[in-house]
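Structure first, then comments.
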Amino acid sequence: MAAVRRAQHKEVASVHGKSIAYYDLDVADFKKLDASLKAAFASVSAIVEKDEIFTAVQALFLDAQMAAALISISRLAVFSAEVAKEFSHDLGLLKAVKTLKYFYPAPVSSVVFSLSSLGSAYSESNWLDFAMRVSADAQVAKLSLRDLCRTSPALTALYKENADFLECADPHAVFPTSNFRVCDGQVNANPDASVIEGVMSTTITTTINIQTGILSTDNLTLYQMYKPIGKCVAVIDQFVEEHWGEKIGAYFAHHGIELVKLIYRAMEADKDISTVETILFDLKKHAVSRNEPVLIVGGGVIADVGGFAAALYHRNTSYVMLCTSIVSGIDAGPSPRTCCDGFGYKNLYGAYHPPVLTLTDRTFFSTLREGWVRHGLAEIVKMAVVKDLSLFELLEKAGPRLVSTKFGTSCPEDAEFCQLCDLIIGKAMEGYVKSEYGNLWETHQCRPHAYGHTWSPGYEIPAGMLHGHAVATGMGFGAFLAVKEGFIEEADAQRIYRLISDLELSLWHPILDDYDVVWESQMKMTQKRGGNLCAPVPKGTIGACGYINDVPRSRLETELAAYKATVNCSAFPRDGKGIDPHCADVGLEHPGTTGVHKKADGSDSEEASDAESRMEEINRLWGKTIGLVEKSLAEDGKSDAVATFMERVKQDMEKVASQL
Ligand SMILES: NC(=O)c1ccc[n+]([C@@H]2O[C@H](COP(=O)([O-])OP(=O)(O)OC[C@H]3O[C@@H](n4cnc5c(N)ncnc54)[C@H](O)[C@@H]3O)[C@@H](O)[C@H]2O)c1
Ligand SMILES: [Zn+2]
């Protein structure tokens, strides 16, 4: 074992000044680790069969071989590329190693679950059964090894030296704020410390699972996350609660995990800062701790606002995303881009904060309306066109049946089609993550997953369009421009138009006739993208991406007119228009209530009656407040916190009213 370190930072002084290194991890020796794990699992094989759980757990950690293996994992950079490469053949092992880094402060039931994943590779014993028995034992499940050491000198003798070493060498392993992120840094100072150059980084780990039957009581995914904590606070979309609430409740009740449901209406019209504030208020009210992942359940809107609230709460609180719509299931769900709308602009406020676990389960799609399924498909088409030709071909094969069967949920007997649906979801997710996770903080603008999202964000809300239909028009126009740039052949563009049209999405919408709106949108997007348009479009072939940067207004107008002639015509069914392209067509509220006022003639204008829209805002806030008060009073009869909140809202409203 390395000598105990005395200081948290290593400083190297020279005539040039000082340089500071923060962490001191072991150089990975995977052969040695493998041998150590083999020895450990062989040594403890009889322990996992024991009936008495407390003694078994003690014996497990008292085993010298097991202690050596755990200690060596705690000193590894478990989120590094070399660890990922070493365990790439078995992602269950990789996840277990990432989790075991925290074996000392974590609840022993989570540690034993991670050991049970390794156990399947290293041992014949029934580790899963042991893990289930440990997690079901109320006396033991939540204890950490640190707790156990307090009462056992023998355990202290085995682990204390390592814990002291890590306190200086890598505090993440013994005093973590979160088990899902680590920081690093590098600092240089000149001799009189008048100039300091620093570099900082954060590394985040996450897991994505595509499974069916997440809410079946025999599925252990949510169990493993929440049983060791003993409690789950869930932020749930109201419609999802109506359809799935009973099943969600039954799952947690079956497993004896306390469930606190926080339910919100989450339509696009609700995607504003006041919803985020309400969630924050509720998280505080239920004393959510930053290292107990909140469970967010629903579509893209609740993913965005709930994730944003989690990002703000304690500056950073982890969350698990259980996706119930297609958009959340392959795009908004695993996305780090949490946000809400404001003043009529999509996603005006936000934070980069991905979930620690994303779960996509096709079963939920059975209760979606067809129109919602259809618009969700746009995000999959997006990934296919710029990232994955094989996915594009699968979409062509499945066609509009994806909509009519709601991703095979209405025809579970058609195993082949269901398999095709799973493959489409998996590949879409993979394409999305490949685009997004290397550029988490959007530190550059070469972002393939923004295909179709260059012009549409500016007209989606004014047109009252469903996100997917707005994106589909943007994709069609992007493919059209890609031909003009010489990036792809006309035949490729036609194939893209055909797929969009076959899936009943919009190639065309009359809002595209409004050049002012589209130009305005382009200018805003250019500003948002650091002064460049950087519009992703297919390049070379379908499945590969390139960027268009120069589209002056005169060209934009000419191209829009030419695009209209190409797609808004008899060559396509419905003259290139989509089926049910508007929020209102599928029973969703017009999102214009986020700040864009709807004129009586049906068109939208941002200028229209500022005072009226403020008045609407006030009324809406009141409605929410009253709802909240009623809910809180009904829940516990306590009104202190509500009174404070009411006071805040009143002040906010007075501020708005004073501007009228
Ligand atoms: N953060 C990102 O990277 C990202 C990416 C793509 C889209 N988005 C955002 O996602 C939003 C669109 O997401 P969406 O299409 O999921 O919309 P949504 O969340 O509004 O869901 C659509 C409707 O379906 C309901 N619903 C969801 N799941 C259901 C189910 N299983 N059964 C019955 N009803 C269900 C919802 O209550 C809602 O009324 C947009 O606001 C968009 O900006 C964000
Ligand atoms: Zn989108």
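Identifiers for the structure tokens are assigned positionally: chains receive A, B, ... in sequence, residues are indexed from 1 per chain, and ligands are indexed from 1 in the order shown.
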Legend entry - Selection as a ChimeraX atom specification: residues within 7 Å of ligand 2 by only C-alpha atoms and all ligand atoms: /A:379,453,467-468,471
Could you tell me, counting only C-alpha atoms and all ligand atoms, which protein and nucleic acid residues lie no more than 8 Å from ligand 1, written as an mmCIF file with N, CA and C atoms, in the first residue's frame?
data_model
loop_
_atom_site.group_PDB
_atom_site.id
_atom_site.type_symbol
_atom_site.label_atom_id
_atom_site.label_comp_id
_atom_site.auth_asym_id
_atom_site.auth_seq_id
_atom_site.Cartn_x
_atom_site.Cartn_y
_atom_site.Cartn_z
ATOM 1 N N ASP A 237 -45.111 13.823 -14.811
ATOM 2 C CA ASP A 237 -46.024 14.520 -15.720
ATOM 3 C C ASP A 237 -47.464 14.088 -15.395
ATOM 4 N N GLN A 238 -48.350 15.065 -15.333
ATOM 5 C CA GLN A 238 -49.729 14.797 -14.904
ATOM 6 C C GLN A 238 -50.456 13.741 -15.752
ATOM 7 N N PHE A 239 -50.273 13.837 -17.100
ATOM 8 C CA PHE A 239 -50.953 12.864 -17.961
ATOM 9 C C PHE A 239 -50.386 11.471 -17.771
ATOM 10 N N VAL A 240 -49.083 11.435 -17.554
ATOM 11 C CA VAL A 240 -48.434 10.140 -17.348
ATOM 12 C C VAL A 240 -48.944 9.537 -16.044
ATOM 13 N N GLU A 242 -51.845 10.005 -14.830
ATOM 14 C CA GLU A 242 -53.199 9.481 -15.053
ATOM 15 C C GLU A 242 -53.176 8.066 -15.624
ATOM 16 N N HIS A 243 -52.238 7.839 -16.545
ATOM 17 C CA HIS A 243 -52.187 6.520 -17.194
ATOM 18 C C HIS A 243 -51.370 5.486 -16.423
ATOM 19 N N TRP A 244 -50.302 5.936 -15.795
ATOM 20 C CA TRP A 244 -49.328 4.982 -15.258
ATOM 21 C C TRP A 244 -49.120 5.108 -13.750
ATOM 22 N N ARG A 265 -48.554 19.506 -14.339
ATOM 23 C CA ARG A 265 -48.991 19.553 -15.733
ATOM 24 C C ARG A 265 -47.790 20.019 -16.536
ATOM 25 N N ALA A 266 -47.437 19.280 -17.578
ATOM 26 C CA ALA A 266 -46.201 19.617 -18.308
ATOM 27 C C ALA A 266 -46.435 19.614 -19.806
ATOM 28 N N MET A 267 -47.243 20.584 -20.248
ATOM 29 C CA MET A 267 -47.383 20.793 -21.690
ATOM 30 C C MET A 267 -46.384 21.891 -22.066
ATOM 31 N N GLU A 268 -46.185 22.064 -23.378
ATOM 32 C CA GLU A 268 -45.235 23.101 -23.805
ATOM 33 C C GLU A 268 -45.600 24.439 -23.159
ATOM 34 N N LYS A 271 -43.987 25.088 -19.905
ATOM 35 C CA LYS A 271 -42.527 24.940 -19.822
ATOM 36 C C LYS A 271 -41.886 26.293 -19.509
ATOM 37 N N GLY A 298 -41.724 11.159 -17.548
ATOM 38 C CA GLY A 298 -42.584 11.805 -18.527
ATOM 39 C C GLY A 298 -41.903 12.070 -19.851
ATOM 40 N N GLY A 299 -42.452 13.069 -20.566
ATOM 41 C CA GLY A 299 -41.960 13.411 -21.893
ATOM 42 C C GLY A 299 -40.880 14.477 -21.849
ATOM 43 N N GLY A 300 -40.705 15.125 -23.017
ATOM 44 C CA GLY A 300 -39.614 16.087 -23.165
ATOM 45 C C GLY A 300 -39.769 17.323 -22.292
ATOM 46 N N VAL A 301 -41.021 17.730 -22.057
ATOM 47 C CA VAL A 301 -41.211 18.956 -21.281
ATOM 48 C C VAL A 301 -40.807 18.739 -19.823
ATOM 49 N N ILE A 302 -41.290 17.650 -19.230
ATOM 50 C CA ILE A 302 -40.939 17.421 -17.818
ATOM 51 C C ILE A 302 -39.447 17.083 -17.702
ATOM 52 N N ALA A 303 -38.883 16.445 -18.746
ATOM 53 C CA ALA A 303 -37.433 16.167 -18.735
ATOM 54 C C ALA A 303 -36.673 17.492 -18.679
ATOM 55 N N ASP A 304 -37.128 18.446 -19.490
ATOM 56 C CA ASP A 304 -36.426 19.732 -19.545
ATOM 57 C C ASP A 304 -36.606 20.537 -18.258
ATOM 58 N N CYS A 323 -38.265 7.775 -19.271
ATOM 59 C CA CYS A 323 -38.850 8.447 -20.439
ATOM 60 C C CYS A 323 -40.139 7.765 -20.870
ATOM 61 N N THR A 324 -41.172 8.540 -21.104
ATOM 62 C CA THR A 324 -42.449 7.947 -21.478
ATOM 63 C C THR A 324 -42.916 8.375 -22.862
ATOM 64 N N SER A 325 -42.235 9.346 -23.466
ATOM 65 C CA SER A 325 -42.604 9.727 -24.837
ATOM 66 C C SER A 325 -41.412 9.423 -25.740
ATOM 67 N N ILE A 326 -41.654 9.475 -27.041
ATOM 68 C CA ILE A 326 -40.554 9.159 -27.958
ATOM 69 C C ILE A 326 -39.483 10.235 -27.882
ATOM 70 N N VAL A 327 -39.930 11.484 -27.819
ATOM 71 C CA VAL A 327 -38.956 12.579 -27.786
ATOM 72 C C VAL A 327 -38.066 12.467 -26.555
ATOM 73 N N SER A 328 -38.679 12.197 -25.406
ATOM 74 C CA SER A 328 -37.818 12.055 -24.226
ATOM 75 C C SER A 328 -37.020 10.762 -24.331
ATOM 76 N N GLY A 329 -37.630 9.738 -24.906
ATOM 77 C CA GLY A 329 -36.982 8.425 -24.944
ATOM 78 C C GLY A 329 -35.718 8.338 -25.746
ATOM 79 N N ASP A 331 -34.107 11.508 -27.016
ATOM 80 C CA ASP A 331 -33.491 12.805 -27.255
ATOM 81 C C ASP A 331 -33.472 13.658 -25.990
ATOM 82 N N ALA A 332 -34.640 14.183 -25.609
ATOM 83 C CA ALA A 332 -34.654 15.072 -24.437
ATOM 84 C C ALA A 332 -34.265 14.329 -23.162
ATOM 85 N N GLY A 333 -34.604 13.047 -23.070
ATOM 86 C CA GLY A 333 -34.361 12.279 -21.839
ATOM 87 C C GLY A 333 -32.901 12.222 -21.442
ATOM 88 N N PRO A 334 -32.043 11.673 -22.295
ATOM 89 C CA PRO A 334 -30.624 11.584 -21.929
ATOM 90 C C PRO A 334 -29.870 12.895 -22.134
ATOM 91 N N SER A 335 -30.586 13.926 -22.576
ATOM 92 C CA SER A 335 -29.897 15.168 -22.934
ATOM 93 C C SER A 335 -29.393 15.933 -21.720
ATOM 94 N N PRO A 336 -28.198 16.500 -21.830
ATOM 95 C CA PRO A 336 -27.721 17.378 -20.757
ATOM 96 C C PRO A 336 -28.353 18.762 -20.825
ATOM 97 N N ARG A 337 -29.088 19.055 -21.909
ATOM 98 C CA ARG A 337 -29.566 20.428 -22.089
ATOM 99 C C ARG A 337 -30.928 20.619 -21.437
ATOM 100 N N THR A 338 -30.933 20.842 -20.132
ATOM 101 C CA THR A 338 -32.183 21.060 -19.408
ATOM 102 C C THR A 338 -32.563 22.530 -19.533
ATOM 103 N N CYS A 339 -33.859 22.827 -19.509
ATOM 104 C CA CYS A 339 -34.226 24.210 -19.825
ATOM 105 C C CYS A 339 -35.706 24.485 -19.609
ATOM 106 N N CYS A 340 -36.063 25.769 -19.779
ATOM 107 C CA CYS A 340 -37.476 26.130 -19.911
ATOM 108 C C CYS A 340 -37.585 27.285 -20.899
ATOM 109 N N LYS A 346 -38.156 29.623 -27.150
ATOM 110 C CA LYS A 346 -37.919 28.251 -26.722
ATOM 111 C C LYS A 346 -36.616 28.190 -25.939
ATOM 112 N N ASN A 347 -36.643 27.470 -24.841
ATOM 113 C CA ASN A 347 -35.424 27.104 -24.116
ATOM 114 C C ASN A 347 -34.511 28.297 -23.801
ATOM 115 N N PHE A 364 -44.465 2.382 -22.498
ATOM 116 C CA PHE A 364 -45.176 3.631 -22.186
ATOM 117 C C PHE A 364 -45.823 4.255 -23.430
ATOM 118 N N PHE A 365 -45.279 3.945 -24.610
ATOM 119 C CA PHE A 365 -45.783 4.605 -25.816
ATOM 120 C C PHE A 365 -47.225 4.187 -26.130
ATOM 121 N N SER A 366 -47.689 3.110 -25.490
ATOM 122 C CA SER A 366 -49.034 2.617 -25.795
ATOM 123 C C SER A 366 -50.100 3.645 -25.438
ATOM 124 N N THR A 367 -49.830 4.529 -24.468
ATOM 125 C CA THR A 367 -50.863 5.491 -24.078
ATOM 126 C C THR A 367 -50.638 6.872 -24.696
ATOM 127 N N LEU A 368 -49.681 6.962 -25.619
ATOM 128 C CA LEU A 368 -49.495 8.241 -26.322
ATOM 129 C C LEU A 368 -50.548 8.365 -27.418
ATOM 130 N N ARG A 369 -50.899 9.588 -27.745
ATOM 131 C CA ARG A 369 -51.776 9.761 -28.902
ATOM 132 C C ARG A 369 -50.931 9.573 -30.162
ATOM 133 N N TRP A 372 -48.680 12.402 -31.114
ATOM 134 C CA TRP A 372 -47.468 12.600 -30.327
ATOM 135 C C TRP A 372 -46.380 11.620 -30.758
ATOM 136 N N VAL A 373 -46.815 10.406 -31.118
ATOM 137 C CA VAL A 373 -45.835 9.421 -31.603
ATOM 138 C C VAL A 373 -45.207 9.953 -32.895
ATOM 139 N N HIS A 375 -44.888 12.992 -34.097
ATOM 140 C CA HIS A 375 -43.954 14.122 -34.011
ATOM 141 C C HIS A 375 -42.651 13.696 -33.335
ATOM 142 N N GLY A 376 -42.737 12.689 -32.462
ATOM 143 C CA GLY A 376 -41.521 12.176 -31.830
ATOM 144 C C GLY A 376 -40.566 11.547 -32.826
ATOM 145 N N GLU A 379 -37.266 13.275 -34.344
ATOM 146 C CA GLU A 379 -35.930 13.271 -33.714
ATOM 147 C C GLU A 379 -35.140 12.028 -34.143
ATOM 148 N N LEU A 466 -46.210 21.472 -33.369
ATOM 149 C CA LEU A 466 -45.560 20.459 -32.542
ATOM 150 C C LEU A 466 -44.073 20.492 -32.894
ATOM 151 N N HIS A 467 -43.253 20.314 -31.874
ATOM 152 C CA HIS A 467 -41.805 20.392 -32.057
ATOM 153 C C HIS A 467 -41.339 19.528 -33.244
ATOM 154 N N GLY A 468 -41.802 18.280 -33.284
ATOM 155 C CA GLY A 468 -41.332 17.354 -34.314
ATOM 156 C C GLY A 468 -41.691 17.811 -35.725
ATOM 157 N N LEU A 588 -53.076 19.501 -27.355
ATOM 158 C CA LEU A 588 -52.152 20.222 -26.473
ATOM 159 C C LEU A 588 -52.427 21.709 -26.569
#
Which stretch 313-378 of chain A residues have any atom within 10 Å of an atom of stretch 414-427 of chain A, and for each, what is the nearest pair of atoms with distance in Å to one decimal, counting only C-alpha atoms, rows sorted by chain and number, as CSV?
residue,atom,partner,partner_atom,distance
A:Ile326,CA,A:Ile425,CA,8.6
A:Gly329,CA,A:Ile425,CA,7.9
A:Ile330,CA,A:Ile425,CA,6.7
A:Thr360,CA,A:Ile425,CA,8.5
A:Asp361,CA,A:Asp422,CA,9.3
A:Arg362,CA,A:Asp422,CA,7.7
A:Leu377,CA,A:Ile425,CA,10.0
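The smallest atom-to-atom distance between A:Asp580 and any of A:Asp550, A:Ser506, A:Glu49, A:Asp514, using only C-alpha atoms, is found for A:Ser506.
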Legend entry - For A:Met132: contacts at 12 Å, only C-alpha atoms, fewer than 2 positions along chain excluded, given as a ChimeraX atom specification: /A:48,53,108-116,126-130,134-138,140-141,218,220,223-224,227-228,255
Inset, instruction - Go through A:Arg181, A:Lys387, A:Lys261, A:His172 and flag the residue nearest A:Tyr104, using only C-alpha atoms for the distances. - result: A:His172
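Taking atom CA of A:Gln58 and atom CA of A:Leu155 as the two end points, the separation is 8.2 Å.
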Legend entry - helix (DSSP H, G or I) call set, DSSP backbone run, stretch 443-611 of chain A, as a PyMOL selection string: chain A and resi 448-450+456-463+467-484+490-502+510-513+515-528+553-567+573-576+583-586+591-594+610-611
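All residues in stretch 345-531 of chain A with a DSSP state of strand (DSSP E), computed from the backbone, read A:Tyr345, A:Lys346, A:Asn347, A:Leu348, A:Tyr349, A:Gly350, A:Ala351, A:Tyr352, A:Leu357, A:Thr358, A:Leu359, A:Thr360.
Atom pair atom CA of A:Gly399 / atom CA of A:Thr363: separated by 19.3 Å.
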Inset, instruction - Tell me which protein, DNA and RNA residues are within 12 Å of A:Lys284, counting only C-alpha atoms, leaving out same-chain ones fewer than 3 positions away, and put them as a PyMOL selection string. - result: chain A and resi 233+262+277-281+287-290+309-310+312-314+317+641+645
